[in-house]
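Source file work02.txt; content: compact mmCIF, C-alpha atoms.
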```
# COMPACT_ATOMS: atom_id res chain seq x y z
CA MET C 1 -23.66 82.35 -134.19
CA LEU C 2 -24.49 80.63 -130.91
CA GLU C 3 -21.52 80.61 -128.58
CA GLN C 4 -22.25 77.22 -127.07
CA SER C 5 -20.62 73.80 -126.94
CA PRO C 6 -22.08 70.37 -127.75
CA THR C 7 -22.06 69.70 -124.00
CA VAL C 8 -24.36 72.67 -123.46
CA PHE C 9 -26.65 71.44 -126.27
CA ALA C 10 -26.99 68.10 -124.51
CA LYS C 11 -27.64 69.75 -121.15
CA GLU C 12 -30.39 71.91 -122.62
CA ASN C 13 -32.14 69.08 -124.50
CA VAL C 14 -35.80 68.50 -123.71
CA LEU C 15 -37.02 64.89 -123.56
CA ILE C 16 -40.72 64.13 -123.59
CA GLN C 17 -41.60 60.48 -123.12
CA ASN C 18 -44.79 58.49 -122.91
CA GLY C 19 -44.49 54.74 -122.55
CA GLU C 20 -42.20 53.38 -125.26
CA CYS C 21 -42.21 56.60 -127.32
CA SER C 22 -39.66 59.33 -126.65
CA ILE C 23 -39.08 62.66 -128.42
CA THR C 24 -35.92 64.75 -128.08
CA VAL C 25 -36.03 68.51 -128.74
CA HIS C 26 -33.07 70.92 -128.96
CA PRO C 27 -34.17 74.47 -128.01
CA LEU C 28 -30.70 75.91 -128.66
CA LEU C 29 -30.53 74.33 -132.13
CA GLY C 30 -33.58 75.89 -133.75
CA GLY C 31 -36.11 74.00 -131.66
CA LYS C 32 -35.14 70.91 -133.66
CA ILE C 33 -36.86 67.63 -132.95
CA SER C 34 -33.80 65.45 -133.39
CA SER C 35 -35.34 62.12 -132.42
CA ILE C 36 -38.67 60.32 -132.37
CA SER C 37 -38.04 56.83 -131.06
CA ILE C 38 -40.59 54.05 -130.55
CA ARG C 39 -39.49 50.80 -128.95
CA GLY C 40 -35.92 51.75 -129.71
CA ARG C 41 -36.53 52.37 -133.43
CA GLU C 42 -35.57 55.83 -134.66
CA LEU C 43 -38.17 57.33 -137.03
CA LEU C 44 -36.35 60.48 -138.17
CA GLN C 45 -33.53 61.00 -140.66
CA ALA C 46 -30.15 60.65 -138.94
CA PRO C 47 -27.79 63.67 -139.02
CA LEU C 48 -25.59 63.96 -142.09
CA ALA C 49 -23.14 65.98 -139.97
CA PRO C 50 -22.77 66.50 -136.20
CA LEU C 51 -25.41 68.67 -134.56
CA ASP C 52 -23.71 72.02 -134.10
CA VAL C 53 -24.19 75.76 -134.16
CA ARG C 54 -25.78 77.39 -137.23
CA THR C 55 -25.26 80.80 -138.81
CA ARG C 56 -27.70 83.20 -140.46
CA THR C 57 -26.21 82.62 -143.90
CA MET C 58 -25.32 78.93 -144.14
CA THR C 59 -27.33 76.67 -146.43
CA PHE C 60 -29.35 73.78 -145.05
CA ASP C 61 -26.98 71.18 -146.46
CA GLU C 62 -24.06 72.77 -144.60
CA ALA C 63 -25.69 71.71 -141.32
CA ASP C 64 -26.93 68.30 -140.17
CA ALA C 65 -29.96 68.24 -142.57
CA SER C 66 -31.83 65.83 -140.30
CA GLY C 67 -34.71 65.45 -137.88
CA TRP C 68 -37.61 67.90 -137.79
CA ASP C 69 -37.25 71.67 -138.24
CA GLU C 70 -39.77 74.46 -138.92
CA CYS C 71 -39.45 76.48 -142.13
CA LEU C 72 -40.53 80.10 -141.61
CA PRO C 73 -41.01 82.72 -143.05
CA SER C 74 -40.03 80.90 -146.28
CA VAL C 75 -38.77 77.49 -147.32
CA ALA C 76 -36.46 78.67 -150.10
CA GLY C 77 -34.22 81.70 -149.80
CA ALA C 78 -36.09 84.80 -150.96
CA CYS C 79 -36.18 88.60 -150.98
CA VAL C 80 -39.44 90.40 -150.17
CA THR C 81 -40.42 94.06 -149.79
CA THR C 82 -42.77 95.16 -147.01
CA PRO C 83 -45.16 98.17 -147.28
CA ASP C 84 -42.60 100.40 -145.53
CA ARG C 85 -40.35 99.80 -148.60
CA GLN C 86 -37.86 97.74 -146.64
CA VAL C 87 -36.27 94.83 -148.50
CA HIS C 88 -35.92 91.70 -146.42
CA SER C 89 -33.59 88.82 -147.35
CA ILE C 90 -34.75 85.42 -146.07
CA PRO C 91 -32.16 82.61 -146.00
CA ASP C 92 -32.45 79.00 -147.15
CA HIS C 93 -35.15 77.07 -145.21
CA GLY C 94 -36.00 80.26 -143.32
CA ASP C 95 -34.82 81.74 -140.03
CA LEU C 96 -35.98 79.50 -137.23
CA TRP C 97 -33.77 76.43 -137.66
CA ARG C 98 -30.79 78.78 -137.15
CA VAL C 99 -31.72 80.49 -133.87
CA ALA C 100 -32.03 79.49 -130.23
CA TRP C 101 -35.60 78.93 -129.01
CA GLU C 102 -36.82 79.78 -125.52
CA ASN C 103 -38.38 77.06 -123.37
CA LEU C 104 -41.49 78.67 -121.89
CA GLU C 105 -42.08 75.85 -119.39
CA GLU C 106 -45.82 76.46 -119.36
CA PRO C 107 -48.03 74.51 -116.95
CA GLN C 108 -48.80 71.03 -118.28
CA GLU C 109 -52.57 71.41 -118.05
CA LYS C 110 -52.51 74.58 -120.19
CA LEU C 111 -51.08 72.62 -123.13
CA ARG C 112 -53.72 69.88 -123.25
CA THR C 113 -56.20 69.95 -126.09
CA ASP C 114 -59.20 67.83 -127.03
CA GLY C 115 -58.24 64.24 -127.77
CA LEU C 116 -55.19 64.12 -125.49
CA THR C 117 -55.14 61.80 -122.52
CA ALA C 118 -54.53 63.08 -119.01
CA ASP C 119 -50.98 61.67 -119.01
CA ALA C 120 -49.87 63.76 -122.03
CA LYS C 121 -46.30 65.06 -121.78
CA ALA C 122 -45.73 68.53 -123.26
CA VAL C 123 -43.29 71.35 -123.97
CA THR C 124 -43.75 74.88 -125.34
CA LEU C 125 -41.00 76.81 -127.11
CA ARG C 126 -40.80 80.36 -128.49
CA ALA C 127 -38.61 81.64 -131.33
CA GLU C 128 -38.14 85.00 -133.05
CA CYS C 129 -37.34 85.45 -136.74
CA PHE C 130 -34.57 87.84 -137.73
CA SER C 131 -35.46 88.54 -141.38
CA LEU C 132 -39.02 89.66 -140.57
CA PRO C 133 -40.62 90.75 -137.25
CA LEU C 134 -42.36 87.45 -136.52
CA VAL C 135 -42.52 85.33 -133.36
CA LEU C 136 -43.58 81.68 -133.35
CA VAL C 137 -44.75 79.76 -130.29
CA ARG C 138 -44.95 75.97 -130.78
CA SER C 139 -46.40 73.54 -128.25
CA LEU C 140 -45.81 69.78 -128.43
CA ALA C 141 -47.84 67.26 -126.47
CA LEU C 142 -47.32 63.48 -126.55
CA SER C 143 -49.94 60.99 -125.38
CA GLU C 144 -50.41 57.22 -125.60
CA LYS C 145 -53.57 55.19 -126.26
CA ASP C 146 -54.30 51.65 -127.46
CA ARG C 147 -50.90 50.67 -128.90
CA SER C 148 -50.41 54.05 -130.53
CA TRP C 149 -48.88 57.42 -129.69
CA HIS C 150 -50.27 60.81 -130.58
CA LEU C 151 -48.14 63.94 -131.09
CA SER C 152 -50.17 67.15 -131.09
CA LEU C 153 -48.58 70.41 -132.25
CA HIS C 154 -50.09 73.86 -131.83
CA TYR C 155 -48.57 76.90 -133.53
CA LYS C 156 -49.15 80.60 -132.94
CA LEU C 157 -47.43 83.19 -135.15
CA THR C 158 -47.48 86.89 -134.22
CA ASN C 159 -46.32 90.01 -136.08
CA ILE C 160 -44.41 92.13 -133.55
CA GLY C 161 -43.52 94.80 -136.11
CA ALA C 162 -45.11 98.08 -137.21
CA THR C 163 -46.12 97.13 -140.75
CA HIS C 164 -47.83 94.29 -142.62
CA VAL C 165 -45.54 91.29 -143.09
CA PRO C 166 -45.76 88.42 -145.63
CA TRP C 167 -45.09 84.92 -144.37
CA ALA C 168 -45.21 81.25 -145.29
CA TRP C 169 -44.73 78.16 -143.14
CA SER C 170 -43.96 74.53 -143.74
CA ALA C 171 -43.31 71.76 -141.27
CA HIS C 172 -40.12 69.90 -142.13
CA PRO C 173 -40.18 66.43 -140.53
CA LEU C 174 -37.74 64.13 -142.33
CA PHE C 175 -38.99 60.60 -141.70
CA ALA C 176 -36.45 57.84 -142.33
CA VAL C 177 -37.53 55.15 -144.80
CA GLU C 178 -36.36 51.88 -146.29
CA ALA C 179 -37.07 50.40 -149.71
CA GLY C 180 -40.65 49.16 -149.92
CA ASP C 181 -42.14 51.57 -147.38
CA ARG C 182 -45.26 53.28 -148.76
CA ILE C 183 -46.74 56.78 -148.92
CA VAL C 184 -50.55 56.82 -148.87
CA LEU C 185 -52.60 59.87 -149.90
CA PRO C 186 -56.39 60.27 -150.06
CA ASP C 187 -57.89 58.49 -153.09
CA SER C 188 -59.19 61.83 -154.39
CA ILE C 189 -55.67 63.21 -154.92
CA HIS C 190 -54.48 62.30 -158.41
CA THR C 191 -52.11 65.14 -159.33
CA LEU C 192 -49.33 66.99 -157.51
CA ARG C 193 -47.44 70.15 -158.43
CA LEU C 194 -43.70 69.72 -158.98
CA GLU C 195 -41.48 72.17 -157.12
CA GLY C 196 -38.20 70.54 -158.07
CA SER C 197 -36.71 67.24 -159.21
CA GLY C 198 -33.07 66.19 -159.12
CA GLY C 199 -31.71 65.88 -162.65
CA GLY C 200 -35.11 66.87 -164.05
CA ARG C 201 -36.36 63.32 -163.38
CA LEU C 202 -40.02 64.39 -163.16
CA GLY C 203 -39.82 67.46 -165.40
CA THR C 204 -39.63 71.18 -164.69
CA SER C 205 -40.81 73.23 -161.74
CA GLY C 206 -44.52 73.97 -161.84
CA SER C 207 -45.38 70.91 -163.92
CA PRO C 208 -48.27 68.63 -162.89
CA VAL C 209 -47.23 65.13 -161.84
CA ASN C 210 -49.65 62.19 -161.74
CA TRP C 211 -49.99 60.37 -158.41
CA PRO C 212 -49.05 57.69 -157.65
CA MET C 213 -47.88 56.47 -161.09
CA ALA C 214 -45.82 59.30 -162.55
CA THR C 215 -44.47 59.62 -166.08
CA LEU C 216 -40.77 60.42 -166.02
CA ALA C 217 -39.12 62.98 -168.24
CA ASP C 218 -37.52 60.13 -170.24
CA GLY C 219 -40.91 58.50 -170.82
CA GLY C 220 -40.60 55.83 -168.17
CA LYS C 221 -42.91 55.25 -165.23
CA SER C 222 -42.35 55.42 -161.48
CA ASP C 223 -44.66 54.58 -158.59
CA LEU C 224 -44.01 57.56 -156.33
CA SER C 225 -45.85 55.94 -153.43
CA VAL C 226 -43.16 53.27 -152.93
CA ALA C 227 -39.82 54.11 -151.32
CA LEU C 228 -36.75 53.13 -153.33
CA LYS C 229 -33.30 51.95 -152.31
CA ALA C 230 -30.99 54.42 -150.60
CA ASP C 231 -28.65 54.60 -153.60
CA SER C 232 -31.37 55.39 -156.18
CA GLY C 233 -30.28 59.03 -156.60
CA VAL C 234 -33.84 60.38 -156.31
CA GLY C 235 -34.67 63.79 -154.84
CA ASP C 236 -38.14 65.18 -155.69
CA LYS C 237 -40.24 67.91 -154.04
CA LEU C 238 -43.98 67.95 -154.80
CA ALA C 239 -47.10 69.55 -153.35
CA ALA C 240 -50.79 68.70 -153.18
CA GLY C 241 -53.56 71.20 -152.63
CA PRO C 242 -55.35 73.20 -151.73
CA VAL C 243 -56.94 70.15 -150.15
CA HIS C 244 -60.48 69.72 -148.85
CA LYS C 245 -61.16 69.09 -145.18
CA ASP C 246 -61.47 65.33 -145.75
CA GLU C 247 -58.12 65.24 -147.61
CA ASN C 248 -56.07 66.64 -144.75
CA TRP C 249 -53.87 63.62 -144.12
CA CYS C 250 -50.96 61.55 -145.35
CA VAL C 251 -49.76 58.16 -144.15
CA LEU C 252 -46.27 56.68 -144.25
CA GLU C 253 -46.43 52.90 -143.85
CA ARG C 254 -43.09 51.71 -142.51
CA ALA C 255 -43.55 47.97 -142.87
CA SER C 256 -39.83 47.55 -142.36
CA VAL C 257 -40.20 48.62 -138.71
CA GLY C 258 -43.87 47.78 -138.18
CA ILE C 259 -45.03 51.36 -137.62
CA ARG C 260 -47.60 53.47 -139.46
CA ILE C 261 -47.08 57.27 -139.31
CA ARG C 262 -50.26 59.27 -139.93
CA VAL C 263 -49.96 63.06 -140.35
CA ARG C 264 -53.11 65.18 -140.08
CA PHE C 265 -53.35 68.94 -140.49
CA ASP C 266 -55.76 71.87 -140.49
CA ALA C 267 -56.89 72.17 -144.12
CA ALA C 268 -58.49 75.56 -143.48
CA ALA C 269 -55.34 77.15 -142.06
CA THR C 270 -52.65 75.12 -143.86
CA PRO C 271 -54.30 73.80 -147.05
CA TYR C 272 -51.23 72.39 -148.82
CA LEU C 273 -49.18 69.24 -148.32
CA GLY C 274 -45.57 69.14 -149.43
CA LEU C 275 -43.77 65.84 -150.09
CA TRP C 276 -40.00 65.59 -150.21
CA ILE C 277 -38.98 62.12 -151.36
CA CYS C 278 -35.24 61.52 -151.23
CA TYR C 279 -33.47 58.24 -151.81
CA GLY C 280 -29.83 59.23 -152.01
CA GLY C 281 -30.47 62.17 -154.33
CA TRP C 282 -29.46 65.01 -152.01
CA PRO C 283 -27.31 66.85 -150.96
CA ASP C 284 -25.68 67.63 -154.30
CA ARG C 285 -22.15 67.18 -152.99
CA PRO C 286 -19.88 64.34 -151.94
CA GLY C 287 -20.71 62.73 -148.62
CA PRO C 288 -23.73 61.21 -146.84
CA LYS C 289 -27.16 61.50 -148.49
CA GLN C 290 -30.68 61.64 -147.15
CA THR C 291 -32.94 58.60 -147.31
CA CYS C 292 -36.27 59.97 -146.16
CA VAL C 293 -39.80 61.10 -146.88
CA ALA C 294 -40.79 64.51 -145.51
CA ILE C 295 -44.53 65.00 -144.97
CA GLU C 296 -44.93 68.76 -144.86
CA PRO C 297 -48.23 70.53 -144.11
CA ALA C 298 -47.78 74.06 -145.45
CA THR C 299 -49.43 77.38 -146.19
CA ALA C 300 -48.27 77.39 -149.83
CA PRO C 301 -47.56 74.95 -152.69
CA VAL C 302 -44.29 76.73 -153.52
CA ASP C 303 -41.06 77.08 -151.57
CA SER C 304 -40.31 80.79 -152.12
CA LEU C 305 -42.17 83.51 -150.24
CA ALA C 306 -41.42 85.79 -153.19
CA GLN C 307 -43.62 83.66 -155.45
CA ILE C 308 -47.02 85.31 -155.16
CA GLY C 309 -50.34 83.51 -155.62
CA PRO C 310 -53.75 82.90 -154.07
CA TRP C 311 -51.91 81.15 -151.22
CA SER C 312 -50.03 84.35 -150.22
CA ARG C 313 -50.77 85.75 -146.78
CA THR C 314 -49.76 88.61 -144.52
CA LEU C 315 -50.09 89.59 -140.87
CA GLY C 316 -50.77 93.16 -139.77
CA PRO C 317 -49.04 94.73 -136.77
CA GLY C 318 -49.99 92.81 -133.64
CA GLU C 319 -51.99 90.22 -135.55
CA SER C 320 -51.63 86.49 -134.99
CA SER C 321 -52.39 83.29 -136.87
CA GLU C 322 -52.84 79.86 -135.25
CA TRP C 323 -52.93 76.33 -136.63
CA THR C 324 -52.48 72.72 -135.56
CA MET C 325 -50.85 69.54 -136.78
CA HIS C 326 -51.15 65.98 -135.48
CA VAL C 327 -48.97 62.89 -135.93
CA ASP C 328 -50.14 59.41 -134.95
CA PHE C 329 -47.65 56.57 -134.58
CA GLU C 330 -49.47 53.24 -134.83
CA LEU C 331 -48.10 49.72 -134.51
CA MET C 332 -48.88 47.74 -137.66
```

I'd like the structure from this file rewritten - as structure tokens, please.
Amino acid sequence: MLEQSPTVFAKENVLIQNGECSITVHPLLGGKISSISIRGRELLQAPLAPLDVRTRTMTFDEADASGWDECLPSVAGACVTTPDRQVHSIPDHGDLWRVAWENLEEPQEKLRTDGLTADAKAVTLRAECFSLPLVLVRSLALSEKDRSWHLSLHYKLTNIGATHVPWAWSAHPLFAVEAGDRIVLPDSIHTLRLEGSGGGRLGTSGSPVNWPMATLADGGKSDLSVALKADSGVGDKLAAGPVHKDENWCVLERASVGIRIRVRFDAAATPYLGLWICYGGWPDRPGPKQTCVAIEPATAPVDSLAQIGPWSRTLGPGESSEWTMHVDFELM
């Protein structure tokens, strides 16, 4: 456990700001992006509990369950065996939201990529997994252009161990929503795979679910593209993919705050898109609930690293994998 105080967390926060958009990052709290604010409107799920230290064994709902974390080397808790016959236990939502990240403070110009303006503000953080010998370096750069803001993320994952290592990654940005906000997917996507559904609302894990008009387990219909009220008791996790290069996006239209959030990702490196839609349906315990839509580019359509399929991937000793993700915030 981190031996730090909330005062230290605040002192170590990283703020990147461009015009009327500001992003707050907590290196000591798993590299969490706790806030994305535009014109004073918060776009991320508010904490369900105070931001505080995490342990290697706690479940995600025992913490704040808010903001934007990175899930690696698995989303769900899992046990995997590496070629050296070592069994590795991976906790809920992976390792990295639990550990302190290092601020590399790289030169600003090194972080700029094509499409970013010269005034881009950036930060690079490094984190090391504890369940598997993996190191992730994540760079964030924020730029502004024509009444919109562009967040560019670059990831580099390296195996620092002596044997091949399996891994899976998913971004975990929990975007706050209100009833009537809309999720927009490419017209060519008609079916999603169900990972889980609170109360079996959409059926059983692995079932196909029509998009956007889904048939419920009780025979009713639900338009999954439209956000429901916060007390609707809905909590569904779905995945699209593998997607083609022209299907590598998802839009969240937040008419309630006049902002359109467009997520784009590298379909070659991260060919799946997870969707967590939650309108008061989680956590499964008394207390505050999430009201959010998580748009989650991922390497796999399943949450557990132990679930093997054509999506499974490994890194050899010293090998690295790199990918990108982009988020545009546009005024409607």

Worksheet item: In Å, with one decimal, what is the gap from atom CA of C:Glu128 to atom CA of C:Val165?
Response: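 Computing the Euclidean distance for atom CA of C:Glu128 and atom CA of C:Val165 yields 14.0 Å.
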
Fill in: Residues within 12 Å of (-27.0, 76.4, -144.3), counting only C-alpha atoms, listed as a VMD selection string
chain C and resid 49 52 to 65 76 to 77 91 to 98 283

Could you save the residues just selected, with C-alpha atoms, as a tab-separated table (two decimals), in the frame of the given file?
```
chain	number	residue	atom	x	y	z
C	49	ALA	CA	-23.14	65.98	-139.97
C	52	ASP	CA	-23.71	72.02	-134.10
C	53	VAL	CA	-24.19	75.76	-134.16
C	54	ARG	CA	-25.78	77.39	-137.23
C	55	THR	CA	-25.26	80.80	-138.81
C	56	ARG	CA	-27.70	83.20	-140.46
C	57	THR	CA	-26.21	82.62	-143.90
C	58	MET	CA	-25.32	78.93	-144.14
C	59	THR	CA	-27.33	76.67	-146.43
C	60	PHE	CA	-29.35	73.78	-145.05
C	61	ASP	CA	-26.98	71.18	-146.46
C	62	GLU	CA	-24.06	72.77	-144.60
C	63	ALA	CA	-25.69	71.71	-141.32
C	64	ASP	CA	-26.93	68.30	-140.17
C	65	ALA	CA	-29.96	68.24	-142.57
C	76	ALA	CA	-36.46	78.67	-150.10
C	77	GLY	CA	-34.22	81.70	-149.80
C	91	PRO	CA	-32.16	82.61	-146.00
C	92	ASP	CA	-32.45	79.00	-147.15
C	93	HIS	CA	-35.15	77.07	-145.21
C	94	GLY	CA	-36.00	80.26	-143.32
C	95	ASP	CA	-34.82	81.74	-140.03
C	96	LEU	CA	-35.98	79.50	-137.23
C	97	TRP	CA	-33.77	76.43	-137.66
C	98	ARG	CA	-30.79	78.78	-137.15
C	283	PRO	CA	-27.31	66.85	-150.96
```

Worksheet item: Within 10 Å of stretch 154-160 of chain C, counting only C-alpha atoms, which residues qualify if same-chain residues fewer than 3 places away don't, as number ranges by chain?
Response: C: 72, 111, 113, 124-128, 132-141, 163-167, 169, 314-326

Discussion item. Report, in Å with one decimal, the straight-line distance from atom CA of C:Lys32 to atom CA of C:Leu305.
Written reply: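 Between these atoms lies a distance of 22.0 Å.
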
Practice prompt. Find the distance between atom CA of C:Pro242 and atom CA of C:Ile36 and write it in Å to one decimal.
Written response: 28.6 Å

Fill in: Within 7 Å of file point (-58.4, 69.8, -150.0), counting all atoms listed in the file, expressed as number ranges by chain
C: 241-248, 267, 271
